[in-house]
Amino acid sequence: MNVKQIIAPQTGIAFEISKGEILVVTDPLGQQVSDMVLFNKNDVKEKISSGKTLDFEETILLSTHNFLWSNRSQKMMKIIKDTNGRNDFLLAPCSQETFEIMYKHSGHHPSCLENLYINLLSFGIEIDDIPTAFNIFMNVQFSKTGKLKVLPPTSQPGDFICFEAQMDLIVGLTACSAEDSNGGTFKPMKKNEFIKEYEF
Ligand SMILES: [Zn+2]
């Protein structure tokens, strides 16, 4: 099986993946973020947890060999290869309110939160169920005093991150809609699924 899918700019998708299967998320053009949320397919109250992951992995910079953990302290995904190496797990998915509060935007603005919940609704997951996303290739820098800054992603065309599912999962994935997170332009992302033995 090789289920390829392009996530169009400023959109999202949701899909199931079984334990042991491989998910590859590729940035075809470079400098594009993808927000990823995970839910236990058999009980969607179990979901990806930033707090548990940062605690158990003892780092805020997650890359190859790290695990993503659930709110019930179970492993959900293992990162088996990450060719870029910079991801964020501090910031919430961008939302309509993000653009209003931080950028004084008026009128509708596409957002990761909207693109996640619209696609996850068919799995019985509602907007308030969506946790802090694992922000693939998002380049959040922090100073010694804790000041945060969002810089353009360092990902180059073709950079990818590869995960191995540790349980049966529902996955939500976006091509992020925030100007500042993506170097000012909106680009697609590509998703591939494989049954085991992915050859790099
Ligand atoms: Zn976003």
# chains A, B, ... in the order shown; residues from 1 in each chain; ligands from 1
$ residues_near_ligand --ligand "ligand 1" --cutoff "8 Å" --atoms "only C-alpha atoms and all ligand atoms" --output "number ranges by chain"
A: 33-35, 93-95, 111-113, 174-178, 181
$ residues_around --residues "range 97-110 of chain A" --least-positions-apart "4" --cutoff "8 Å" --atoms "only C-alpha atoms" --output "NGL selection string"
:A and (10-11 or 114-115 or 177)
$ closest_atom_pairs --of "range 80-138 of chain A" --to "range 162-169 of chain A" --cutoff "9 Å" --atoms "only C-alpha atoms" --output "JSON lines"
{"residue": "A:Ile80", "atom": "CA", "partner": "A:Phe163", "partner_atom": "CA", "distance": 5.6}
{"residue": "A:Lys81", "atom": "CA", "partner": "A:Cys162", "partner_atom": "CA", "distance": 5.1}
{"residue": "A:Asp82", "atom": "CA", "partner": "A:Cys162", "partner_atom": "CA", "distance": 6.3}
{"residue": "A:Thr83", "atom": "CA", "partner": "A:Cys162", "partner_atom": "CA", "distance": 8.9}
$ write_last_selection --atoms "all heavy atoms" --output "compact mmCIF listing (two decimals), in the first residue's frame"
# COMPACT_ATOMS: atom_id res chain seq x y z
N ILE A 80 10.99 8.17 12.92
CA ILE A 80 12.09 7.30 12.51
C ILE A 80 13.08 7.99 11.57
O ILE A 80 14.20 7.55 11.46
CB ILE A 80 11.61 5.94 11.95
CG1 ILE A 80 10.62 6.11 10.81
CG2 ILE A 80 10.98 5.11 13.04
CD1 ILE A 80 10.18 4.77 10.24
N LYS A 81 12.68 9.06 10.92
CA LYS A 81 13.64 9.87 10.16
C LYS A 81 13.09 11.27 9.96
O LYS A 81 11.91 11.42 9.63
CB LYS A 81 13.94 9.21 8.81
CG LYS A 81 15.15 9.83 8.09
CD LYS A 81 15.54 9.02 6.88
CE LYS A 81 16.58 9.70 6.04
NZ LYS A 81 17.96 9.38 6.39
N ASP A 82 13.94 12.25 10.12
CA ASP A 82 13.54 13.66 9.99
C ASP A 82 14.69 14.38 9.30
O ASP A 82 15.72 14.64 9.91
CB ASP A 82 13.28 14.23 11.41
CG ASP A 82 12.98 15.72 11.40
OD1 ASP A 82 12.80 16.30 10.31
OD2 ASP A 82 12.93 16.30 12.50
N THR A 83 14.52 14.70 8.02
CA THR A 83 15.64 15.25 7.25
C THR A 83 15.86 16.73 7.51
O THR A 83 16.90 17.27 7.14
CB THR A 83 15.45 15.04 5.73
OG1 THR A 83 14.30 15.77 5.30
CG2 THR A 83 15.27 13.56 5.39
$ closest_residue --among "A:Leu120, A:Phe89, A:Asp55, A:Gly158" --to "Pro188 in chain A" --atoms "only C-alpha atoms"
A:Gly158
$ select_by_dssp --residues "range 72-182 of chain A" --states "strand (DSSP E or B)" --output "PyMOL selection string"
chain A and resi 75-82+88+134-136+139-142+148-151+159-165+169-174
$ residues_around --residues "Gly85 in chain A" --least-positions-apart "6" --cutoff "9 Å" --atoms "only C-alpha atoms" --output "MDAnalysis selection string"
chainID A and resid 61:64 137 154:155 161
$ residues_around --residues "Lys47 in chain A" --least-positions-apart "3" --cutoff "10 Å" --atoms "only C-alpha atoms" --output "PDB file with C-alpha atoms, in the first residue's frame"
ATOM      1  CA  VAL A  37      -2.812  15.841  15.687  1.00  0.00           C
ATOM      2  CA  LEU A  38      -3.295  12.204  16.700  1.00  0.00           C
ATOM      3  CA  PHE A  39      -6.163  10.327  18.346  1.00  0.00           C
ATOM      4  CA  ASN A  40      -6.490   6.713  19.455  1.00  0.00           C
ATOM      5  CA  LYS A  41      -8.762   5.188  16.810  1.00  0.00           C
ATOM      6  CA  ASP A  43     -11.077   5.831  21.973  1.00  0.00           C
ATOM      7  CA  VAL A  44     -10.719   9.395  20.729  1.00  0.00           C
ATOM      8  CA  SER A  50       2.594  18.142  24.199  1.00  0.00           C
ATOM      9  CA  TRP A  69       3.058  10.438  23.606  1.00  0.00           C
ATOM     10  CA  SER A  70      -0.636  10.560  24.504  1.00  0.00           C
ATOM     11  CA  ASN A  71      -2.470  12.204  27.410  1.00  0.00           C
ATOM     12  CA  ARG A  72      -2.683   8.651  28.843  1.00  0.00           C
ATOM     13  CA  SER A  73       1.097   8.224  28.734  1.00  0.00           C
ATOM     14  CA  GLN A  74       1.135   5.827  25.784  1.00  0.00           C
ATOM     15  CA  MET A  76       1.480   7.132  19.637  1.00  0.00           C
ATOM     16  CA  ASP A 129     -11.201  18.099  21.452  1.00  0.00           C
ATOM     17  CA  ILE A 130      -8.263  19.300  19.338  1.00  0.00           C
ATOM     18  CA  PRO A 131      -5.041  19.514  21.362  1.00  0.00           C
ATOM     19  CA  THR A 132      -1.763  21.344  20.774  1.00  0.00           C
ATOM     20  CA  LEU A 169      -4.606   6.133  15.009  1.00  0.00           C
ATOM     21  CA  ILE A 170      -6.758   8.840  13.499  1.00  0.00           C
ATOM     22  CA  VAL A 171      -4.465  11.529  12.095  1.00  0.00           C
TER      23      VAL A 171
END
$ select_by_dssp --residues "range 99-197 of chain A" --states "alpha helix (DSSP H)" --output "ChimeraX atom specification"
/A:99-103,112-120
$ write_last_selection --atoms "N, CA and C atoms" --output "PDB file, in the first residue's frame"
ATOM      1  N   PHE A  99      -5.341  35.092  14.179  1.00  0.00           N
ATOM      2  CA  PHE A  99      -5.156  36.169  13.199  1.00  0.00           C
ATOM      3  C   PHE A  99      -5.790  37.474  13.682  1.00  0.00           C
ATOM      4  N   GLU A 100      -6.868  37.356  14.436  1.00  0.00           N
ATOM      5  CA  GLU A 100      -7.517  38.563  14.970  1.00  0.00           C
ATOM      6  C   GLU A 100      -6.684  39.169  16.106  1.00  0.00           C
ATOM      7  N   ILE A 101      -6.205  38.317  17.033  1.00  0.00           N
ATOM      8  CA  ILE A 101      -5.513  38.806  18.234  1.00  0.00           C
ATOM      9  C   ILE A 101      -4.081  39.247  17.904  1.00  0.00           C
ATOM     10  N   MET A 102      -3.368  38.447  17.124  1.00  0.00           N
ATOM     11  CA  MET A 102      -1.945  38.736  16.900  1.00  0.00           C
ATOM     12  C   MET A 102      -1.700  39.628  15.691  1.00  0.00           C
ATOM     13  N   TYR A 103      -2.584  39.552  14.690  1.00  0.00           N
ATOM     14  CA  TYR A 103      -2.312  40.260  13.437  1.00  0.00           C
ATOM     15  C   TYR A 103      -3.410  41.248  13.069  1.00  0.00           C
ATOM     16  N   CYS A 112      -5.318  26.374  10.659  1.00  0.00           N
ATOM     17  CA  CYS A 112      -5.119  24.945  10.928  1.00  0.00           C
ATOM     18  C   CYS A 112      -6.240  24.404  11.804  1.00  0.00           C
ATOM     19  N   LEU A 113      -6.658  25.170  12.810  1.00  0.00           N
ATOM     20  CA  LEU A 113      -7.713  24.665  13.696  1.00  0.00           C
ATOM     21  C   LEU A 113      -8.975  24.347  12.892  1.00  0.00           C
ATOM     22  N   GLU A 114      -9.370  25.273  12.035  1.00  0.00           N
ATOM     23  CA  GLU A 114     -10.557  25.053  11.197  1.00  0.00           C
ATOM     24  C   GLU A 114     -10.351  23.840  10.283  1.00  0.00           C
ATOM     25  N   ASN A 115      -9.184  23.763   9.662  1.00  0.00           N
ATOM     26  CA  ASN A 115      -8.927  22.662   8.732  1.00  0.00           C
ATOM     27  C   ASN A 115      -8.808  21.318   9.443  1.00  0.00           C
ATOM     28  N   LEU A 116      -8.405  21.332  10.694  1.00  0.00           N
ATOM     29  CA  LEU A 116      -8.371  20.088  11.464  1.00  0.00           C
ATOM     30  C   LEU A 116      -9.781  19.663  11.857  1.00  0.00           C
ATOM     31  N   TYR A 117     -10.551  20.573  12.445  1.00  0.00           N
ATOM     32  CA  TYR A 117     -11.839  20.114  12.980  1.00  0.00           C
ATOM     33  C   TYR A 117     -12.844  19.792  11.891  1.00  0.00           C
ATOM     34  N   ILE A 118     -12.791  20.509  10.782  1.00  0.00           N
ATOM     35  CA  ILE A 118     -13.709  20.189   9.667  1.00  0.00           C
ATOM     36  C   ILE A 118     -13.463  18.762   9.177  1.00  0.00           C
ATOM     37  N   ASN A 119     -12.197  18.378   9.084  1.00  0.00           N
ATOM     38  CA  ASN A 119     -11.856  17.048   8.573  1.00  0.00           C
ATOM     39  C   ASN A 119     -12.013  15.956   9.626  1.00  0.00           C
ATOM     40  N   LEU A 120     -11.890  16.321  10.900  1.00  0.00           N
ATOM     41  CA  LEU A 120     -11.974  15.310  11.974  1.00  0.00           C
ATOM     42  C   LEU A 120     -13.404  15.089  12.458  1.00  0.00           C
TER      43      LEU A 120
END
$ closest_residue --among "A:Lys144, A:Lys78, A:Lys45, A:Lys190" --to "Lys4 in chain A" --atoms "only C-alpha atoms"
A:Lys190
$ decode --residues "range 59-72 of chain A" --atoms "all heavy atoms" --output "compact mmCIF listing (two decimals), in the first residue's frame"
# COMPACT_ATOMS: atom_id res chain seq x y z
N THR A 59 12.96 16.91 26.19
CA THR A 59 13.44 17.94 25.25
C THR A 59 12.24 18.67 24.68
O THR A 59 11.13 18.11 24.64
CB THR A 59 14.28 17.31 24.11
OG1 THR A 59 14.68 18.35 23.20
CG2 THR A 59 13.50 16.26 23.32
N ILE A 60 12.47 19.92 24.22
CA ILE A 60 11.40 20.59 23.47
C ILE A 60 11.71 20.58 21.97
O ILE A 60 10.94 21.09 21.18
CB ILE A 60 11.16 22.05 23.95
CG1 ILE A 60 12.43 22.87 23.97
CG2 ILE A 60 10.51 22.06 25.32
CD1 ILE A 60 12.18 24.32 24.31
N LEU A 61 12.85 19.99 21.59
CA LEU A 61 13.19 19.88 20.17
C LEU A 61 13.15 18.41 19.78
O LEU A 61 14.10 17.66 20.03
CB LEU A 61 14.57 20.49 19.91
CG LEU A 61 14.64 22.01 20.14
CD1 LEU A 61 16.07 22.52 19.97
CD2 LEU A 61 13.70 22.76 19.20
N LEU A 62 12.04 18.01 19.19
CA LEU A 62 11.80 16.60 18.89
C LEU A 62 12.17 16.30 17.45
O LEU A 62 11.79 17.04 16.55
CB LEU A 62 10.32 16.28 19.15
CG LEU A 62 9.94 16.50 20.62
CD1 LEU A 62 8.52 17.02 20.73
CD2 LEU A 62 10.12 15.22 21.42
N SER A 63 12.89 15.21 17.27
CA SER A 63 13.31 14.82 15.92
C SER A 63 13.53 13.30 15.89
O SER A 63 12.93 12.58 16.70
CB SER A 63 14.58 15.60 15.54
OG SER A 63 14.94 15.35 14.20
N THR A 64 14.38 12.84 14.97
CA THR A 64 14.60 11.40 14.79
C THR A 64 14.85 10.70 16.13
O THR A 64 15.64 11.20 16.95
CB THR A 64 15.81 11.19 13.85
OG1 THR A 64 15.61 11.97 12.67
CG2 THR A 64 15.96 9.72 13.46
N HIS A 65 14.18 9.59 16.32
CA HIS A 65 14.27 8.69 17.49
C HIS A 65 13.35 9.09 18.65
O HIS A 65 13.18 8.31 19.57
CB HIS A 65 15.70 8.53 18.03
CG HIS A 65 16.68 8.05 17.01
ND1 HIS A 65 16.42 7.00 16.15
CD2 HIS A 65 17.93 8.48 16.69
CE1 HIS A 65 17.46 6.80 15.35
NE2 HIS A 65 18.39 7.70 15.64
N ASN A 66 12.79 10.30 18.60
CA ASN A 66 11.84 10.66 19.68
C ASN A 66 10.48 10.03 19.42
O ASN A 66 10.12 9.71 18.29
CB ASN A 66 11.67 12.19 19.76
CG ASN A 66 12.89 12.87 20.36
OD1 ASN A 66 13.50 13.73 19.73
ND2 ASN A 66 13.25 12.51 21.57
N PHE A 67 9.73 9.87 20.52
CA PHE A 67 8.35 9.39 20.45
C PHE A 67 7.40 10.56 20.71
O PHE A 67 7.74 11.51 21.42
CB PHE A 67 8.10 8.31 21.51
CG PHE A 67 8.76 7.00 21.21
CD1 PHE A 67 10.04 6.72 21.70
CD2 PHE A 67 8.12 6.04 20.43
CE1 PHE A 67 10.66 5.51 21.41
CE2 PHE A 67 8.74 4.82 20.13
CZ PHE A 67 10.01 4.56 20.63
N LEU A 68 6.19 10.47 20.16
CA LEU A 68 5.09 11.38 20.50
C LEU A 68 4.13 10.59 21.39
O LEU A 68 3.70 9.50 21.02
CB LEU A 68 4.38 11.86 19.23
CG LEU A 68 5.29 12.57 18.20
CD1 LEU A 68 4.48 12.96 16.96
CD2 LEU A 68 5.97 13.79 18.81
N TRP A 69 3.82 11.15 22.56
CA TRP A 69 3.06 10.44 23.61
C TRP A 69 1.64 10.98 23.72
O TRP A 69 1.36 12.12 23.37
CB TRP A 69 3.76 10.61 24.95
CG TRP A 69 5.10 9.94 25.05
CD1 TRP A 69 6.28 10.40 24.51
CD2 TRP A 69 5.42 8.73 25.72
NE1 TRP A 69 7.31 9.52 24.83
CE2 TRP A 69 6.81 8.50 25.57
CE3 TRP A 69 4.67 7.80 26.46
CZ2 TRP A 69 7.45 7.38 26.12
CZ3 TRP A 69 5.31 6.70 27.01
CH2 TRP A 69 6.68 6.49 26.83
N SER A 70 0.77 10.16 24.32
CA SER A 70 -0.64 10.56 24.50
C SER A 70 -0.87 11.12 25.90
O SER A 70 -0.02 10.99 26.80
CB SER A 70 -1.55 9.36 24.29
OG SER A 70 -1.53 8.52 25.44
N ASN A 71 -2.06 11.71 26.09
CA ASN A 71 -2.47 12.20 27.41
C ASN A 71 -2.61 11.05 28.42
O ASN A 71 -2.68 11.30 29.62
CB ASN A 71 -3.79 12.98 27.30
CG ASN A 71 -4.91 12.17 26.68
OD1 ASN A 71 -4.65 11.28 25.86
ND2 ASN A 71 -6.14 12.45 27.05
N ARG A 72 -2.64 9.80 27.93
CA ARG A 72 -2.68 8.65 28.84
C ARG A 72 -1.33 7.95 28.93
O ARG A 72 -1.24 6.78 29.27
CB ARG A 72 -3.77 7.68 28.39
CG ARG A 72 -5.17 8.28 28.54
CD ARG A 72 -6.23 7.31 28.10
NE ARG A 72 -7.54 7.95 28.14
CZ ARG A 72 -8.61 7.46 27.51
NH1 ARG A 72 -8.50 6.36 26.78
NH2 ARG A 72 -9.76 8.09 27.60
